[in-house]
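Trainee: Dumping the structure here so I can ask a few things about it.
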Amino acid sequence: MALDTWTLVETEFTEEHLARSESLFSIGNGYVGFRGFPCDREPAQHSGVFINGFYELSPIHYGEDAYGFARYNQTMLDLPDCRFLWIEIDGQRISVADEAVQSYRKELDFRNGLLTQKITWRSQDDILVDICWESFISMAKRHLGALHLTITASAPIDIALYSSIAMPVPRAMSALDPRVGTVLTKPSLACVGNGYSSEGEQQLPSFHASFKTVESGLHLSCGAVHKITVPVHIERFTHSPQDMPGLHFTHHGSSLELFKCFYYHTSGRPGEQLPLNQVSENRIDACALDWDQLLGEQCSCFEDFWAHADVQIVGDEKLQQALRLNLFQLYQSTGADGMSSLAAKGLTGSGYEGHYFWDTEIYGMPFFNHTQAKTARALIAYRISTLDYARERARQMSQKGALFPWRTINGLEASAYFPAGTAQYHINADIAYSIFQYLEVSGDDTILAEGAADILLETARLFYDLGFFNPAKDGLFCINEVTGPDEYSALVDNNTYTNIMVKHHFEGVVALFGRLKRDQIELYTTLERRLHIAEEELENFAEAARLMYIPFDGQRGINPQDDYFLNKEPWDTDKRGELFHPLLLNYHPLVIYRHRLLKQADTVLAMLLQHHRFPWYLRRRNFFFYEPLTTGDSSLSACIQGIQAFDAGEVSMGIDYIRQTALMDIDDLHRNTKDGLHTAAMAGSWMAMVYGIAGYRMHEAVPTFCPQMPEDWHKLAFHLTFGKIMLTVTIDSEYTTYVTKGGELTIGHRSDRFAVGEKPVRLSTKPHCKAVIFDLDGVVTSTDGYHYRAWKRLSDEQGWKFDETVNQKLRGISRRQSLQVILDHNGVALDDAEMDRLTTVKNDWYRQSLQELTPSDILDGIRELLVAIKQRGLQTAIASASRNAPFILDRLDLTDSFDVIVPAPNVVCGKPDPEVFARAADMLGVFPEECCAIEDAPAGIEAIRAAKMRSIGVGSAINPDCCSVHVPDTSHLMVDLLVF
């Protein structure tokens, strides 16, 4: 039977999976959240009820204290449960775990947020009783939730319902695990009043209670109103431990239907000033509603959400179900009121204590920016509401501007471990990144005047004050003593991710205020007065961006994660044994810090967010360098690794990572779903589809796609919203279709750019050939003999062995690489200066011999092939390791036959690295996979394949099985063999 990908279903109750089930079946609306426990709260591992941003304070105790440490922790509280209701039938209390339960079904419907639990229970008198609980938390009226109970029996029975407010159950302290929330050791909520009332014209029975947190001073008011379809006897009772008001309903019959509307109201969260006396009005509103009306409004909200947010997969039902669960829970967990945000576990558990991290901006905001602009705006508004705290924190840290907290609820820093907390200064740049993305995608500048501009400028001021122009780095702008996204490396200098993101931050601020000054002078003037903007300051930002130091290792051709990373010892399994995961629970931080290990993607994440600053060949090298070092101990890592695997052309690896991300909670891959769902990974599963499989990036403000479909998938479809325009992208193995609603949009499909409107545009999913790239020696002409004679002369003078066998190993590689091959063959080592001298001597002899070249030395068929290629409208390039390529082409009178010649001195890593071919594609303005390349050396063919290009092998040195097309010599090259 086909899997229903719109629901999550549990058909067997098992104690073993109780906690995980509670997390997965959570319901909420961004303000209130309920874990998926039974209405009678038994059995339950953690019957958690949460309000986003509702917290208690507790002092952080340090054995050794210091100035500037965070002083108070903030913990999202377990709250009273106003949905609470238990059932007795013929005097016996009903439980889903009872042996008398004949059938059991628990279902969460992603289409409307409805949580349904059904059982068939057999009484001692052999009467079958069907009981159905339906619950949801209203998206339309965010202070309300609803419970609909129906009981149907095969014969008349005595039914007793007990409805009350259940207080949180104290939980045991967890083992030492920073991912698990703190359990407060003393009561946090004090009841300041409760009572009963009869509401509305129908005098519906109701109760209510009010509370105040002991330390944080937040207020909560909650209660419930009841409607019942049959005549019942009603009595009041009090429920321990704090004598909460309760209503006892009794009825004798074979059926009963109850509607319980419950509500929560708070005051005191960031920016929240609502007087509690307004709660009573909300209670009266609740009375006027009925189940069908509330459910209809709920369905409308979710219909609108899915119309913009759904991602459709055809070909993998399990992944489709997991993805919809993820997006559903992300929607349910995210604050949309400007007074709260997205916690690491959302509203599904107390893991990480309900704190907000950078996860919101880097993982959550891309989803909301492109599908739910109002929610994205509210998330920025929350950060705006805490800006003054960020300014105060910067002063504490002896800095100018504003420094946002690493983890927080109320806007104050709550991280007690500063090396992996406050030191993560990149939080400022992450927030700025999300705001810049919101502005670009939504086109909504109005939020700038409301405080977003203040955040952008103040956080940039912090970075300019934090960094300095370092004489030891040739005057480049450096940022020291920070921690990047990888928490297994702490307190480092020049973290690549941080520096790259700060460069983006500086450039963005300068460009933004320049645009406002040019196009919106009134707004600019207002901001100039409010923020004391000076031209000199913006010039300083521009200078710091231009001179930003970005670590680069020329030998490996990669970006080191920081200045010290490459000096760290790799983990030696012979010395220390196999790694135990997660490392943070098995090793002291110092053990982790001194080894070359990553908790999660760091530089690789920078390559996604700032892709245009890393040429494709550099992204590929970085990816493969960091891949074996990344432990994946963080749930945030797999989606980024998957996206970048697709970017590198590793589709199989990419889909494995995407499955890890999407299935993380539904399959409990990290074995901690019980503590709450991984909201960043859930958002990451959306990113993996859109940025990974569809290859979405913004190129010069144009949405651009580079789709790569997994082999066993039939379709991927999703929507992206840009301003008032919704773009729908549908990808299958043959075609990718683009269509918009609400206007026309310019987009890119690999290197093609075009306008899309309401009439669909259909293009090939697979790339088409737009350019042909040639190796030089052995493809266009043959200078192998000249090379051989020059190397032979040098070897003879040095007393080294050199023959044709060694010479074959030099094909397709650079001059310096060739000399190294000869040295290795002879067991000789030279310093860099001597190698430079000898390669120069060899090249001088070689260039002298090249004077003999004439057009007659062009290999057979090449001149005709170049003409045919141009007739097809294709571009051409030379990608050779030879620094003499321009000279050779000039001698052959072929310079004008090629659109570009890759400058060999600029190539950092020679063949078989794909850099030289990828550089050619960049210079031609096409994607690597839109190219065909011709080579006569195995190293060159390997490089072409790594570049995702169609490979054409020439000659006997090439194994025909290793290339797309093989010909014995250049005379057999035909244009039809090249194009695809």
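By order of appearance in the structure tokens: chains A, B, ..., then residues from 1 within every chain, and ligands from 1 in the order shown.
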I want to know what sits within 6 Å of region 311-324 of chain A, based on only C-alpha atoms, with residues of the same chain fewer than 5 positions away left out; could you give that as a compact mmCIF listing (two decimals) with C-alpha atoms, in the first residue's frame?

Mentor:
# COMPACT_ATOMS: atom_id res chain seq x y z
CA THR A 5 3.14 11.30 2.57
CA ALA A 662 15.63 14.80 5.97
CA LEU A 663 15.33 11.55 7.93
CA TRP A 713 13.64 10.17 -8.86
CA HIS A 714 10.93 11.07 -11.32
CA LYS A 715 10.16 14.65 -10.28
CA LEU A 716 11.07 17.44 -7.90
CA ALA A 717 8.85 20.54 -7.70
CA PHE A 718 8.89 23.56 -5.40

Trainee: Could you list, as a JSON list (two decimals) with N, CA and C atoms, in the first residue's frame, every residue within 12 Å of Ala376 (chain A), counting only C-alpha atoms and ignoring same-chain residues fewer than 4 positions away?

Mentor:
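Everything below was put into selection.json:
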[["chain", "number", "residue", "atom", "x", "y", "z"],
["A", 331, "TYR", "N", 7.21, 25.18, 10.41],
["A", 331, "TYR", "CA", 6.13, 26.18, 10.40],
["A", 331, "TYR", "C", 5.50, 26.31, 11.79],
["A", 334, "THR", "N", 8.02, 28.18, 14.61],
["A", 334, "THR", "CA", 8.67, 29.47, 14.38],
["A", 334, "THR", "C", 7.77, 30.62, 14.80],
["A", 335, "GLY", "N", 8.31, 31.49, 15.64],
["A", 335, "GLY", "CA", 7.56, 32.66, 16.07],
["A", 335, "GLY", "C", 7.29, 33.60, 14.92],
["A", 336, "ALA", "N", 6.07, 34.10, 14.86],
["A", 336, "ALA", "CA", 5.69, 35.01, 13.77],
["A", 336, "ALA", "C", 5.11, 36.30, 14.33],
["A", 337, "ASP", "N", 5.41, 36.59, 15.61],
["A", 337, "ASP", "CA", 4.84, 37.76, 16.24],
["A", 337, "ASP", "C", 5.85, 38.87, 16.50],
["A", 338, "GLY", "N", 7.11, 38.66, 16.08],
["A", 338, "GLY", "CA", 8.14, 39.66, 16.29],
["A", 338, "GLY", "C", 8.67, 39.70, 17.71],
["A", 340, "SER", "N", 9.45, 36.63, 19.33],
["A", 340, "SER", "CA", 10.06, 35.32, 19.54],
["A", 340, "SER", "C", 10.72, 34.90, 18.24],
["A", 341, "SER", "N", 11.41, 33.76, 18.29],
["A", 341, "SER", "CA", 12.16, 33.33, 17.12],
["A", 341, "SER", "C", 11.99, 31.84, 16.93],
["A", 342, "LEU", "N", 13.01, 31.17, 16.43],
["A", 342, "LEU", "CA", 12.99, 29.73, 16.18],
["A", 342, "LEU", "C", 14.04, 29.08, 17.08],
["A", 360, "THR", "N", 18.61, 29.99, 13.26],
["A", 360, "THR", "CA", 17.47, 30.71, 12.70],
["A", 360, "THR", "C", 17.86, 31.43, 11.42],
["A", 361, "GLU", "N", 18.95, 32.18, 11.49],
["A", 361, "GLU", "CA", 19.33, 33.03, 10.36],
["A", 361, "GLU", "C", 19.92, 32.25, 9.19],
["A", 362, "ILE", "N", 20.75, 31.25, 9.46],
["A", 362, "ILE", "CA", 21.47, 30.58, 8.38],
["A", 362, "ILE", "C", 20.70, 29.39, 7.83],
["A", 363, "TYR", "N", 19.89, 28.74, 8.63],
["A", 363, "TYR", "CA", 19.15, 27.57, 8.17],
["A", 363, "TYR", "C", 17.65, 27.86, 8.01],
["A", 364, "GLY", "N", 17.07, 28.55, 8.99],
["A", 364, "GLY", "CA", 15.64, 28.81, 8.92],
["A", 364, "GLY", "C", 15.26, 29.93, 7.96],
["A", 365, "MET", "N", 16.01, 31.02, 7.99],
["A", 365, "MET", "CA", 15.63, 32.19, 7.19],
["A", 365, "MET", "C", 15.63, 31.96, 5.68],
["A", 366, "PRO", "N", 16.54, 31.18, 5.10],
["A", 366, "PRO", "CA", 16.41, 30.94, 3.65],
["A", 366, "PRO", "C", 15.06, 30.36, 3.27],
["A", 367, "PHE", "N", 14.54, 29.45, 4.10],
["A", 367, "PHE", "CA", 13.22, 28.88, 3.82],
["A", 367, "PHE", "C", 12.13, 29.95, 3.93],
["A", 368, "PHE", "N", 12.14, 30.70, 5.02],
["A", 368, "PHE", "CA", 11.09, 31.70, 5.20],
["A", 368, "PHE", "C", 11.25, 32.89, 4.24],
["A", 369, "ASN", "N", 12.46, 33.30, 3.95],
["A", 369, "ASN", "CA", 12.66, 34.38, 3.00],
["A", 369, "ASN", "C", 12.07, 34.05, 1.63],
["A", 370, "HIS", "N", 12.10, 32.77, 1.27],
["A", 370, "HIS", "CA", 11.66, 32.38, -0.07],
["A", 370, "HIS", "C", 10.23, 31.83, -0.10],
["A", 371, "THR", "N", 9.61, 31.62, 1.06],
["A", 371, "THR", "CA", 8.27, 31.04, 1.05],
["A", 371, "THR", "C", 7.28, 31.78, 1.95],
["A", 372, "GLN", "N", 7.74, 32.37, 3.05],
["A", 372, "GLN", "CA", 6.86, 33.00, 4.03],
["A", 372, "GLN", "C", 7.49, 34.33, 4.46],
["A", 380, "ILE", "N", 13.19, 38.92, 11.84],
["A", 380, "ILE", "CA", 14.08, 40.09, 11.89],
["A", 380, "ILE", "C", 13.61, 41.06, 12.96],
["A", 381, "ALA", "N", 12.29, 41.23, 13.07],
["A", 381, "ALA", "CA", 11.74, 42.14, 14.08],
["A", 381, "ALA", "C", 12.13, 41.70, 15.49],
["A", 382, "TYR", "N", 12.18, 40.39, 15.72],
["A", 382, "TYR", "CA", 12.62, 39.91, 17.04],
["A", 382, "TYR", "C", 14.05, 40.38, 17.30],
["A", 383, "ARG", "N", 14.94, 40.24, 16.34],
["A", 383, "ARG", "CA", 16.33, 40.68, 16.54],
["A", 383, "ARG", "C", 16.36, 42.20, 16.77],
["A", 431, "ILE", "N", 23.27, 37.19, 11.13],
["A", 431, "ILE", "CA", 22.04, 37.99, 11.17],
["A", 431, "ILE", "C", 22.02, 38.98, 10.00],
["A", 434, "SER", "N", 21.10, 37.22, 6.76],
["A", 434, "SER", "CA", 19.68, 36.93, 6.62],
["A", 434, "SER", "C", 18.88, 38.17, 6.26],
["A", 435, "ILE", "N", 19.30, 39.32, 6.81],
["A", 435, "ILE", "CA", 18.60, 40.57, 6.49],
["A", 435, "ILE", "C", 18.86, 40.96, 5.04],
["A", 436, "PHE", "N", 20.11, 40.87, 4.60],
["A", 436, "PHE", "CA", 20.42, 41.19, 3.20],
["A", 436, "PHE", "C", 19.64, 40.26, 2.27],
["A", 437, "GLN", "N", 19.56, 38.99, 2.62],
["A", 437, "GLN", "CA", 18.82, 38.06, 1.78],
["A", 437, "GLN", "C", 17.33, 38.42, 1.75],
["A", 438, "TYR", "N", 16.79, 38.79, 2.91],
["A", 438, "TYR", "CA", 15.39, 39.21, 2.96],
["A", 438, "TYR", "C", 15.16, 40.41, 2.05],
["A", 439, "LEU", "N", 16.03, 41.40, 2.12],
["A", 439, "LEU", "CA", 15.88, 42.59, 1.28],
["A", 439, "LEU", "C", 15.94, 42.23, -0.19],
["A", 441, "VAL", "N", 15.37, 39.23, -1.68],
["A", 441, "VAL", "CA", 14.32, 38.33, -2.14],
["A", 441, "VAL", "C", 12.94, 38.98, -2.06],
["A", 442, "SER", "N", 12.67, 39.70, -0.97],
["A", 442, "SER", "CA", 11.33, 40.28, -0.77],
["A", 442, "SER", "C", 11.17, 41.64, -1.43],
["A", 444, "ASP", "N", 11.44, 44.30, 0.17],
["A", 444, "ASP", "CA", 10.80, 45.11, 1.20],
["A", 444, "ASP", "C", 11.84, 45.94, 1.95],
["A", 447, "ILE", "N", 11.43, 47.63, 6.28],
["A", 447, "ILE", "CA", 11.94, 47.14, 7.56],
["A", 447, "ILE", "C", 13.23, 47.85, 7.96]]

Trainee: Set the distance at 12 Å and use only C-alpha atoms: which residues neighbour Gly873 (chain A) once local chain neighbours fewer than 2 positions away are removed? I'd like the list as a PyMOL selection string.

Mentor: chain A and resi 769-772+866-871+875-876+899+975+979

Trainee: Compile the contact shell of His239 (chain A) as a PyMOL selection string: residues with an atom at most 8 Å away, counting only C-alpha atoms, same-chain residues fewer than 4 positions apart removed.

Mentor: chain A and resi 164-166+243-246

Trainee: Go through A:Leu608, A:Ile934, A:Leu590, A:Ala309 and flag the residue nearest Asn326 (chain A), using only C-alpha atoms for the distances.

Mentor: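 Closest candidate: A:Ala309.
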
Trainee: Just checking: using only C-alpha atoms, which residue out of A:Thr740, A:Gln396, A:Gln848, A:Thr839 ends up closest to Tyr786 (chain A)?

Mentor: A:Gln848

Trainee: May I have the residues within 6 Å of region 652-658 of chain A as a VMD selection string, using only C-alpha atoms and disregarding those fewer than 4 positions away in the same chain?

Mentor: chain A and resid 638 to 639 642 645 to 646

Trainee: Restricting the calculation to only C-alpha atoms: of A:Arg697, A:Arg793, A:Arg891, A:Arg529, which residue gets closest to Asp844 (chain A)?

Mentor: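 Smallest distance to Asp844 (chain A) is found for A:Arg793.
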
Trainee: Can you list, as a list in words, every residue of region 69-279 of chain A that DSSP puts in helix (DSSP H, G or I)?

Mentor: Leu276, Asn277, Gln278 and Val279 of chain A

Trainee: Quick one: pull the distance between CA of Arg142 (chain A) and CA of Ala190 (chain A), Å, one decimal.

Mentor: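 CA of Arg142 (chain A) sits 24.0 Å away from CA of Ala190 (chain A).
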
Trainee: At a cut-off of 6 Å, using only C-alpha atoms, what residues contact His966 (chain A)? Leave out same-chain residues fewer than 4 positions from it and give the result as a list of chain:residue names.

Mentor: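 Once the nearby chain positions are removed, what remains is A:Ile952, A:Gly953, A:Val954, A:Pro960.
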
Trainee: Take the residues from that selection and put them in a file with N, CA and C atoms, as a CSV table (one decimal), in the first residue's frame.

Mentor:
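To be explicit, this is the file written out as selection-v5.csv:
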chain,number,residue,atom,x,y,z
A,952,ILE,N,37.0,13.8,-24.2
A,952,ILE,CA,37.4,13.2,-25.5
A,952,ILE,C,38.9,12.8,-25.4
A,953,GLY,N,39.1,11.5,-25.5
A,953,GLY,CA,40.5,11.1,-25.4
A,953,GLY,C,41.1,10.8,-26.8
A,954,VAL,N,42.4,11.3,-27.0
A,954,VAL,CA,43.1,11.1,-28.2
A,954,VAL,C,44.3,10.3,-28.0
A,960,PRO,N,40.4,3.9,-23.5
A,960,PRO,CA,39.1,4.2,-24.0
A,960,PRO,C,37.9,4.1,-23.0

Trainee: Out of A:Asn826, A:Ser634, A:Thr408, A:Ser188, which residue has the shortest atom-to-atom distance to Leu584 (chain A) when counting only C-alpha atoms?

Mentor: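 Ranking A:Asn826, A:Ser634, A:Thr408, A:Ser188 by distance to Leu584 (chain A), first place goes to A:Ser634.
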
Trainee: Measuring atom to atom with only C-alpha atoms, identify which of A:Leu810, A:Ala19, A:Met709, A:Ala790 is nearest to Pro43 (chain A).

Mentor: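 Ranking A:Leu810, A:Ala19, A:Met709, A:Ala790 by distance to Pro43 (chain A), first place goes to A:Ala19.
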